[in-house]
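Enquirer: Next comes entry_25.txt, compact mmCIF, C-alpha atoms and all ligand atoms:
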```
# COMPACT_ATOMS: atom_id res chain seq x y z
CA MET U 1 7.37 22.62 -4.77
CA GLN U 2 5.71 24.61 -7.52
CA ASP U 3 2.76 26.90 -8.00
CA VAL U 4 0.76 25.34 -10.83
CA PRO U 5 -2.51 26.18 -12.58
CA GLU U 6 -5.71 24.96 -10.93
CA PRO U 7 -6.25 21.28 -11.69
CA ASP U 8 -8.68 20.59 -14.48
CA GLY U 9 -10.84 17.48 -14.56
CA GLU U 10 -14.20 15.92 -13.83
CA VAL U 11 -14.29 16.51 -10.08
CA ILE U 12 -12.10 18.89 -8.07
CA VAL U 13 -11.28 17.71 -4.56
CA THR U 14 -9.75 19.88 -1.83
CA VAL U 15 -7.10 17.71 -0.20
CA GLU U 16 -7.33 17.38 3.59
CA ALA U 17 -4.77 14.61 4.04
CA ALA U 18 -2.40 12.74 1.74
CA THR U 19 -0.29 10.00 3.29
CA THR U 20 3.18 9.07 2.09
CA CYS U 21 4.30 5.56 1.28
CA GLY U 22 7.38 3.67 0.13
CA THR U 23 6.14 3.90 -3.45
CA ASP U 24 6.34 7.71 -3.23
CA VAL U 25 10.00 7.45 -2.28
CA LYS U 26 10.60 5.08 -5.22
CA MET U 27 8.68 7.42 -7.54
CA TRP U 28 10.60 10.44 -6.33
CA ARG U 29 14.01 8.75 -6.64
CA HIS U 30 13.60 6.65 -9.76
CA GLY U 31 10.41 7.80 -11.56
CA HIS U 32 7.63 5.30 -12.18
CA PRO U 33 5.70 3.91 -15.17
CA ALA U 34 2.52 5.60 -13.87
CA LEU U 35 4.21 9.00 -13.60
CA GLU U 36 4.72 11.60 -16.28
CA PRO U 37 8.28 12.93 -16.64
CA TYR U 38 9.26 15.40 -13.92
CA PRO U 39 8.21 17.90 -12.94
CA CYS U 40 4.88 16.17 -12.34
CA ARG U 41 2.36 15.77 -9.54
CA PHE U 42 2.34 12.73 -7.33
CA GLY U 43 0.89 11.41 -4.09
CA HIS U 44 -1.61 8.57 -4.36
CA GLU U 45 -3.21 8.19 -0.91
CA THR U 46 -5.53 11.15 -0.84
CA ALA U 47 -8.60 12.22 1.09
CA GLY U 48 -10.55 15.46 1.09
CA PHE U 49 -13.88 16.91 0.03
CA ARG U 50 -15.52 17.62 -3.31
CA VAL U 51 -15.51 21.30 -4.16
CA ASP U 52 -18.92 20.96 -5.91
CA THR U 53 -20.93 19.03 -3.27
CA GLY U 54 -18.80 19.21 -0.12
CA GLU U 55 -18.97 15.40 0.20
CA ARG U 56 -15.95 13.86 1.93
CA VAL U 57 -14.16 11.49 -0.45
CA LEU U 58 -11.17 9.25 -0.78
CA VAL U 59 -9.54 9.77 -4.17
CA SER U 60 -8.40 6.35 -5.28
CA ASP U 61 -5.21 6.28 -7.30
CA SER U 62 -6.66 4.47 -10.28
CA VAL U 63 -9.78 3.66 -12.25
CA ALA U 64 -9.88 0.31 -14.02
CA CYS U 65 -10.93 0.37 -17.68
CA GLY U 66 -13.72 -2.15 -17.19
CA VAL U 67 -13.38 -3.66 -20.66
CA CYS U 68 -10.02 -5.47 -20.84
CA ASP U 69 -9.78 -9.23 -20.33
CA PRO U 70 -8.74 -9.09 -16.63
CA CYS U 71 -11.44 -6.50 -15.88
CA ARG U 72 -14.08 -8.69 -17.54
CA ALA U 73 -12.77 -11.68 -15.60
CA GLY U 74 -13.34 -9.79 -12.33
CA ARG U 75 -9.67 -8.99 -11.80
CA ALA U 76 -9.63 -5.20 -12.01
CA GLN U 77 -6.45 -5.16 -9.89
CA ILE U 78 -4.48 -6.15 -12.99
CA CYS U 79 -6.42 -4.01 -15.47
CA ARG U 80 -4.41 -3.59 -18.67
CA ASP U 81 -5.37 0.07 -19.13
CA PRO U 82 -6.05 1.79 -15.82
CA THR U 83 -6.34 5.56 -15.53
CA TRP U 84 -3.89 6.60 -12.82
CA VAL U 85 -4.98 9.43 -10.56
CA LEU U 86 -1.92 10.96 -8.96
CA GLY U 87 -1.26 14.35 -7.42
CA GLY U 88 -2.45 14.15 -3.83
CA PHE U 89 0.47 16.22 -2.59
CA ALA U 90 -1.27 19.46 -3.52
CA GLU U 91 -3.99 21.75 -2.25
CA ARG U 92 -6.43 20.40 -4.82
CA ILE U 93 -6.61 17.41 -7.13
CA ALA U 94 -8.78 16.69 -10.16
CA ALA U 95 -10.20 13.18 -10.39
CA PRO U 96 -12.61 11.19 -12.51
CA ALA U 97 -15.83 10.51 -10.59
CA GLY U 98 -15.04 6.79 -10.84
CA ALA U 99 -12.02 7.25 -8.56
CA LEU U 100 -14.05 8.61 -5.65
CA HIS U 101 -15.21 6.72 -2.57
CA ALA U 102 -17.48 8.19 0.10
CA ILE U 103 -15.68 8.39 3.47
CA PRO U 104 -17.70 6.95 6.36
CA ALA U 105 -18.84 9.64 8.82
CA GLU U 106 -16.43 10.25 11.71
CA LEU U 107 -13.44 8.65 9.94
CA PRO U 108 -10.62 11.25 9.91
CA ALA U 109 -9.14 12.20 6.54
CA ALA U 110 -5.72 10.77 7.45
CA ALA U 111 -7.29 7.39 8.20
CA ALA U 112 -9.33 7.50 5.01
CA ALA U 113 -6.19 8.16 2.95
CA MET U 114 -4.67 4.99 4.40
CA ALA U 115 -7.57 2.96 3.02
CA GLU U 116 -5.69 2.96 -0.29
CA PRO U 117 -2.71 0.86 0.90
CA LEU U 118 -4.98 -1.09 3.25
CA ALA U 119 -7.06 -2.12 0.23
CA ALA U 120 -3.90 -3.47 -1.38
CA ALA U 121 -3.18 -5.38 1.85
CA LEU U 122 -6.71 -6.81 1.84
CA HIS U 123 -6.18 -7.97 -1.72
CA ALA U 124 -2.81 -9.51 -0.81
CA VAL U 125 -4.40 -11.46 2.06
CA SER U 126 -7.07 -12.72 -0.33
CA ARG U 127 -4.29 -14.04 -2.57
CA GLY U 128 -2.99 -16.20 0.31
CA SER U 129 -4.43 -19.34 1.84
CA ASP U 130 -6.46 -19.84 5.00
CA SER U 131 -3.45 -21.23 6.94
CA SER U 132 -3.68 -20.30 10.60
CA GLU U 133 0.10 -19.99 10.89
CA VAL U 134 1.68 -17.19 8.88
CA GLY U 135 5.06 -15.52 8.39
CA VAL U 136 5.41 -11.93 7.18
CA LEU U 137 8.81 -10.86 5.90
CA GLY U 138 9.20 -7.11 6.40
CA GLY U 139 7.78 -4.87 9.12
CA GLY U 140 7.33 -1.68 7.09
CA PRO U 141 3.91 -0.08 6.70
CA MET U 142 2.70 -2.74 4.24
CA GLY U 143 4.04 -5.66 6.31
CA LEU U 144 2.36 -4.24 9.41
CA MET U 145 -0.93 -3.64 7.58
CA LEU U 146 -0.89 -7.28 6.43
CA THR U 147 -0.08 -8.30 9.99
CA SER U 148 -2.99 -6.28 11.40
CA LEU U 149 -5.42 -7.92 9.00
CA LEU U 150 -4.11 -11.43 9.69
CA VAL U 151 -4.13 -10.94 13.47
CA ALA U 152 -7.67 -9.52 13.28
CA ASP U 153 -8.56 -12.70 11.40
CA GLY U 154 -7.35 -14.75 14.37
CA ARG U 155 -4.17 -16.09 12.78
CA ASP U 156 -0.85 -16.77 14.44
CA VAL U 157 1.55 -14.32 12.75
CA THR U 158 5.32 -13.97 12.98
CA VAL U 159 6.90 -10.84 11.52
CA ALA U 160 10.55 -11.02 10.49
CA GLU U 161 12.21 -7.62 10.61
CA ARG U 162 15.69 -6.29 11.35
CA HIS U 163 14.67 -2.99 12.98
CA PRO U 164 13.87 -3.45 16.69
CA ASP U 165 11.37 -0.54 16.61
CA ARG U 166 9.38 -2.32 13.93
CA ARG U 167 9.52 -5.65 15.77
CA ALA U 168 8.05 -3.82 18.77
CA GLN U 169 5.28 -2.44 16.55
CA ALA U 170 4.50 -5.97 15.30
CA CYS U 171 4.26 -7.22 18.89
CA ALA U 172 1.98 -4.31 19.81
CA ILE U 173 -0.34 -5.38 16.99
CA GLY U 174 -0.49 -8.90 18.46
CA ALA U 175 2.05 -10.76 16.32
CA ARG U 176 5.30 -12.44 17.28
CA ALA U 177 8.48 -10.83 15.99
CA ALA U 178 11.82 -12.26 14.97
CA SER U 179 14.89 -10.94 13.20
CA GLU U 180 14.72 -13.77 10.64
CA LEU U 181 11.87 -15.80 9.27
CA GLY U 182 11.36 -19.40 10.40
CA ARG U 183 9.33 -21.88 8.32
CA HIS U 184 5.65 -21.20 7.73
CA GLU U 185 2.70 -22.63 5.78
CA LEU U 186 1.88 -19.21 4.40
CA VAL U 187 4.49 -16.50 3.82
CA PHE U 188 3.99 -12.88 2.74
CA GLU U 189 6.99 -11.04 1.32
CA ALA U 190 6.59 -7.30 1.99
CA VAL U 191 10.02 -5.89 1.18
CA GLY U 192 10.49 -6.10 -2.59
CA ARG U 193 14.09 -7.19 -3.13
CA PRO U 194 15.42 -10.25 -4.97
CA GLU U 195 17.08 -11.58 -1.82
CA THR U 196 13.89 -11.24 0.23
CA TRP U 197 11.81 -12.94 -2.47
CA ARG U 198 14.27 -15.84 -2.21
CA ALA U 199 14.16 -15.77 1.59
CA ALA U 200 10.35 -15.88 1.55
CA ILE U 201 10.37 -18.91 -0.74
CA SER U 202 12.97 -20.67 1.39
CA ALA U 203 10.81 -20.04 4.47
CA ALA U 204 7.74 -21.82 3.09
CA LEU U 205 6.93 -25.27 4.45
CA PRO U 206 6.34 -28.06 1.88
CA GLY U 207 3.03 -27.46 0.10
CA GLY U 208 3.04 -23.87 1.28
CA VAL U 209 1.94 -20.64 -0.33
CA VAL U 210 4.18 -17.59 -0.85
CA VAL U 211 2.53 -14.26 -1.64
CA LEU U 212 4.91 -11.74 -3.17
CA VAL U 213 3.62 -8.34 -2.07
CA GLY U 214 6.76 -6.21 -2.36
CA GLY U 215 7.53 -5.24 -5.95
CA CYS U 216 11.11 -5.51 -7.15
CA PRO U 217 12.04 -2.61 -9.48
CA SER U 218 10.71 -3.31 -12.98
CA GLY U 219 13.24 -5.08 -15.18
CA THR U 220 14.61 -7.07 -12.23
CA ASP U 221 15.36 -10.73 -12.88
CA VAL U 222 15.20 -12.82 -9.73
CA SER U 223 16.83 -16.25 -9.45
CA LEU U 224 14.74 -18.56 -7.30
CA PRO U 225 15.42 -21.83 -5.43
CA ALA U 226 14.05 -24.26 -8.00
CA ALA U 227 14.22 -27.35 -5.80
CA ALA U 228 11.97 -25.89 -3.11
CA ILE U 229 9.41 -24.72 -5.66
CA HIS U 230 9.41 -28.04 -7.52
CA TYR U 231 9.84 -30.75 -4.88
CA ASP U 232 7.85 -28.94 -2.19
CA GLU U 233 5.04 -27.93 -4.57
CA LEU U 234 5.11 -24.33 -3.44
CA ASP U 235 2.52 -21.91 -4.77
CA LEU U 236 4.09 -18.55 -5.64
CA ARG U 237 1.47 -15.86 -6.02
CA GLY U 238 1.98 -12.28 -7.11
CA THR U 239 -0.34 -9.64 -5.77
CA PHE U 240 -0.84 -6.14 -7.05
CA HIS U 241 -3.07 -3.21 -6.21
CA HIS U 242 -6.77 -3.47 -5.38
CA SER U 243 -10.26 -3.26 -6.79
CA TYR U 244 -12.88 -0.54 -6.21
CA ALA U 245 -14.76 -2.87 -3.85
CA GLU U 246 -11.58 -3.57 -1.84
CA VAL U 247 -11.10 0.18 -1.24
CA ASP U 248 -14.66 0.43 0.10
CA GLU U 249 -14.00 -2.64 2.24
CA ALA U 250 -10.85 -0.99 3.66
CA LEU U 251 -12.76 2.21 4.47
CA ALA U 252 -15.46 0.21 6.26
CA LEU U 253 -12.85 -1.73 8.20
CA LEU U 254 -11.11 1.47 9.36
CA ALA U 255 -14.44 3.02 10.32
CA SER U 256 -15.35 -0.08 12.35
CA GLY U 257 -12.35 0.53 14.60
CA ARG U 258 -11.27 -3.13 14.27
CA LEU U 259 -7.98 -1.89 12.91
CA ASP U 260 -6.06 0.93 14.58
CA TRP U 261 -4.74 3.20 11.83
CA ARG U 262 -2.94 5.38 14.38
CA THR U 263 -0.16 2.79 14.83
CA LEU U 264 1.14 3.74 11.38
CA ALA U 265 0.39 7.47 11.35
CA GLY U 266 3.51 9.58 11.64
CA ASP U 267 3.52 13.32 12.22
CA THR U 268 1.30 15.64 10.23
CA ILE U 269 3.50 17.77 8.00
CA THR U 270 3.13 20.63 5.52
CA LEU U 271 3.72 20.45 1.78
CA GLU U 272 6.93 22.43 2.37
CA GLU U 273 8.17 19.73 4.75
CA LEU U 274 7.39 16.87 2.38
CA PRO U 275 10.62 16.87 0.30
CA SER U 276 12.84 16.44 3.35
CA ALA U 277 10.45 13.82 4.78
CA LEU U 278 10.74 11.77 1.58
CA ALA U 279 14.51 12.23 1.54
CA ALA U 280 14.95 11.06 5.14
CA PRO U 281 16.67 7.68 5.42
CA ALA U 282 14.37 4.76 6.24
CA GLY U 283 14.69 3.34 9.73
CA GLY U 284 13.04 3.66 13.09
CA PRO U 285 9.38 2.78 13.47
CA ALA U 286 7.30 2.12 10.35
CA ARG U 287 5.19 5.21 9.73
CA LYS U 288 3.42 7.17 7.08
CA TRP U 289 3.66 10.95 7.10
CA VAL U 290 0.33 12.73 6.89
CA VAL U 291 0.58 15.74 4.60
CA ASP U 292 -1.92 18.49 5.35
CA PRO U 293 -1.57 20.93 2.43
CA HIS U 294 -3.56 23.64 4.21
CA ARG U 295 -1.41 23.82 7.29
ZN ZN F 1 1.04 3.79 -1.43
ZN ZN F 2 -9.24 -3.11 -17.50
```
Could you show the structure in this file as structure tokens?
Ligand SMILES: [Zn+2]
Ligand SMILES: [Zn+2]
Expert:
Amino acid sequence: MQDVPEPDGEVIVTVEAATTCGTDVKMWRHGHPALEPYPCRFGHETAGFRVDTGERVLVSDSVACGVCDPCRAGRAQICRDPTWVLGGFAERIAAPAGALHAIPAELPAAAAAMAEPLAAALHAVSRGSDSSEVGVLGGGPMGLMLTSLLVADGRDVTVAERHPDRRAQACAIGARAASELGRHELVFEAVGRPETWRAAISAALPGGVVVLVGGCPSGTDVSLPAAAIHYDELDLRGTFHHSYAEVDEALALLASGRLDWRTLAGDTITLEELPSALAAPAGGPARKWVVDPHR
């Protein structure tokens, strides 16, 4: 925790809620390519209001360049030169206007902040197939967001997760839960470890699709079961991030009430409580802390 000069940038936003995610823990423990060297500001799921107009806004964590090959091909998620907008764990954040999304009326700031990871989940689902029978490996916040979207889409979803609390959360959402994955036409990996990437591939039925949502630490080499990929014609698909339109779609979905964001909202905490919250060992129910910097 540091007192720092007022942020300087295009638009100043007073933060009302910034939610934590597994990436924050990774960033805090190991640094991250999108972060400056410590000490630096982070927090990338941020909602508040513009100091200049008072408009309620979600501050997206990135702005795509718009001119690189992927951007021009309509794949802003994998923009080669995005501007990262980090620093939500603060009283105020400066953002380029292009990072801002209007928050639908009535949607609480904590819910709006969660539109950022939900947009990534929407993108991940779009990378899958339309199989009605789906396995999700991992019942953390991302696995459960994927599950919520798939269940809302009328699919039959099984979540594989070791923690009983998280299995119960999956069941409450309307999925089945198991401690290990069976075989499925469509599999989402939402853990991000070499062994779970392999497990997801091994769980795909012949001709199936595997969407790798959880990122292994950069530099990781993963050995994969070649026979399954080759003889079973599996499609392995990476998925990363989201587009501007997907963030708006996530906000609209949360505002519609079709998805209950409260299932993943943990306690509201202060900035002072954040370091110990990030340091706490994972386990128990999947949840995202809601940081209210003005508490
Ligand atoms: Zn996140
Ligand atoms: Zn680009």
Enquirer: Name the closest residue to ligand ZN 1 (chain F) among the candidates U:Glu91, U:Glu45, U:Glu272, U:Asp248; distances are taken between atoms, counting all atoms listed in the file.
Expert: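 Among the listed residues, the smallest separation from ligand ZN 1 (chain F) belongs to U:Glu45.
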Enquirer: Using all atoms listed in the file, which of U:Leu137, U:Leu107, U:Ala76, U:Ala250 sits nearest U:Arg166?
Expert: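 So, comparing all the options, the nearest one is U:Leu137.
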Enquirer: For ligand ZN 1 (chain F), list the contacting residues at 7 Å or closer, counting only C-alpha atoms and all ligand atoms, as a ChimeraX atom specification.
Expert: /U:20-24,44-45,116-117
Enquirer: Go through U:Gly128, U:Pro96, U:Pro194, U:Gly139 and flag the residue nearest U:Arg287, using all atoms listed in the file for the distances.
Expert: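 Looking at the shortest contact to U:Arg287, the residue is U:Gly139.
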Enquirer: Would you mind telling me which residue in U:Gly66, U:Pro104, U:Gly48, U:Pro275 lies nearest to ligand ZN 2 (chain F) when using all atoms listed in the file?
Expert: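 Of all the options, U:Gly66 lies closest to ligand ZN 2 (chain F).
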Enquirer: Write out as an MDAnalysis selection string each polymer residue whose atoms come within 9 Å of stretch 149-154 of chain U, counting all atoms listed in the file; drop sequence neighbours fewer than 4 positions from it.
Expert: chainID U and resid 118 121:122 125 132 134 144:145 173:175 258:259
Enquirer: As an exercise, work out the distance from atom CA of U:Ala245 to atom CA of U:His101 in Å and give it to one decimal place.
Expert: 9.7 Å
Enquirer: Between U:Ala73, U:Cys65, U:Val291, U:Leu58, which has the minimum distance to ligand ZN 2 (chain F) (counting all atoms listed in the file)?
Expert: U:Cys65
Enquirer: Here's a test: counting only C-alpha atoms, identify every protein, DNA and RNA residue with an atom at most 10 Å from (-4.0, 11.4, -4.7) in the file's coordinate frame, and state them as an NGL selection string.
Expert: :U and (13 or 15 or 17-19 or 41-48 or 58-62 or 84-90 or 92-95 or 99 or 113 or 116)
Enquirer: In Å, with one decimal, what is the gap from atom CA of U:Gly284 to atom CA of U:Thr263?
Expert: 13.3 Å
Enquirer: For each of U:Arg29, U:Glu16, U:Asp52, U:Ser148, take the minimum atom-to-atom distance to U:Ile269, counting only C-alpha atoms, then give the residue where this is smallest.
Expert: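 Going through U:Arg29, U:Glu16, U:Asp52, U:Ser148 one by one, the smallest distance to U:Ile269 is for U:Glu16.
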Enquirer: As a ChimeraX atom specification, please: every protein or nucleic acid residue near ligand ZN 2 (chain F) (cut-off 8 Å, counting only C-alpha atoms and all ligand atoms).
Expert: /U:64-72,76,78-82
Enquirer: Please, what distance in Å, to one decimal, runs between atom CA of U:Met142 and atom CA of U:Ala97?
Expert: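 Atom CA of U:Ala97 lies 27.2 Å from atom CA of U:Met142.
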Enquirer: As a list of chain:residue names, please: the residues near stretch 204-221 of chain U (cut-off 8 Å, all atoms listed in the file, same-chain neighbours under 4 positions excluded).
Expert: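 Selected residues are U:Ala124, U:Arg127, U:Gly128, U:Ser129, U:Arg183, U:His184, U:Glu185, U:Leu186, U:Val187, U:Phe188, U:Glu189, U:Ala190, U:Val191, U:Gly192, U:Arg193, U:Pro194, U:Trp197, U:Ala200, U:Ala228, U:Asp232, U:Glu233, U:Leu234, U:Asp235, U:Leu236, U:Arg237, U:Gly238, U:Thr239, U:Phe240.
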Enquirer: Show me, as JSON, numbers by chain, the residues that have an atom within 7 Å of U:Gly266 when counting all atoms listed in the file, minus same-chain residues fewer than 3 positions from it.
Expert: {"U": [287, 288, 289, 290]}
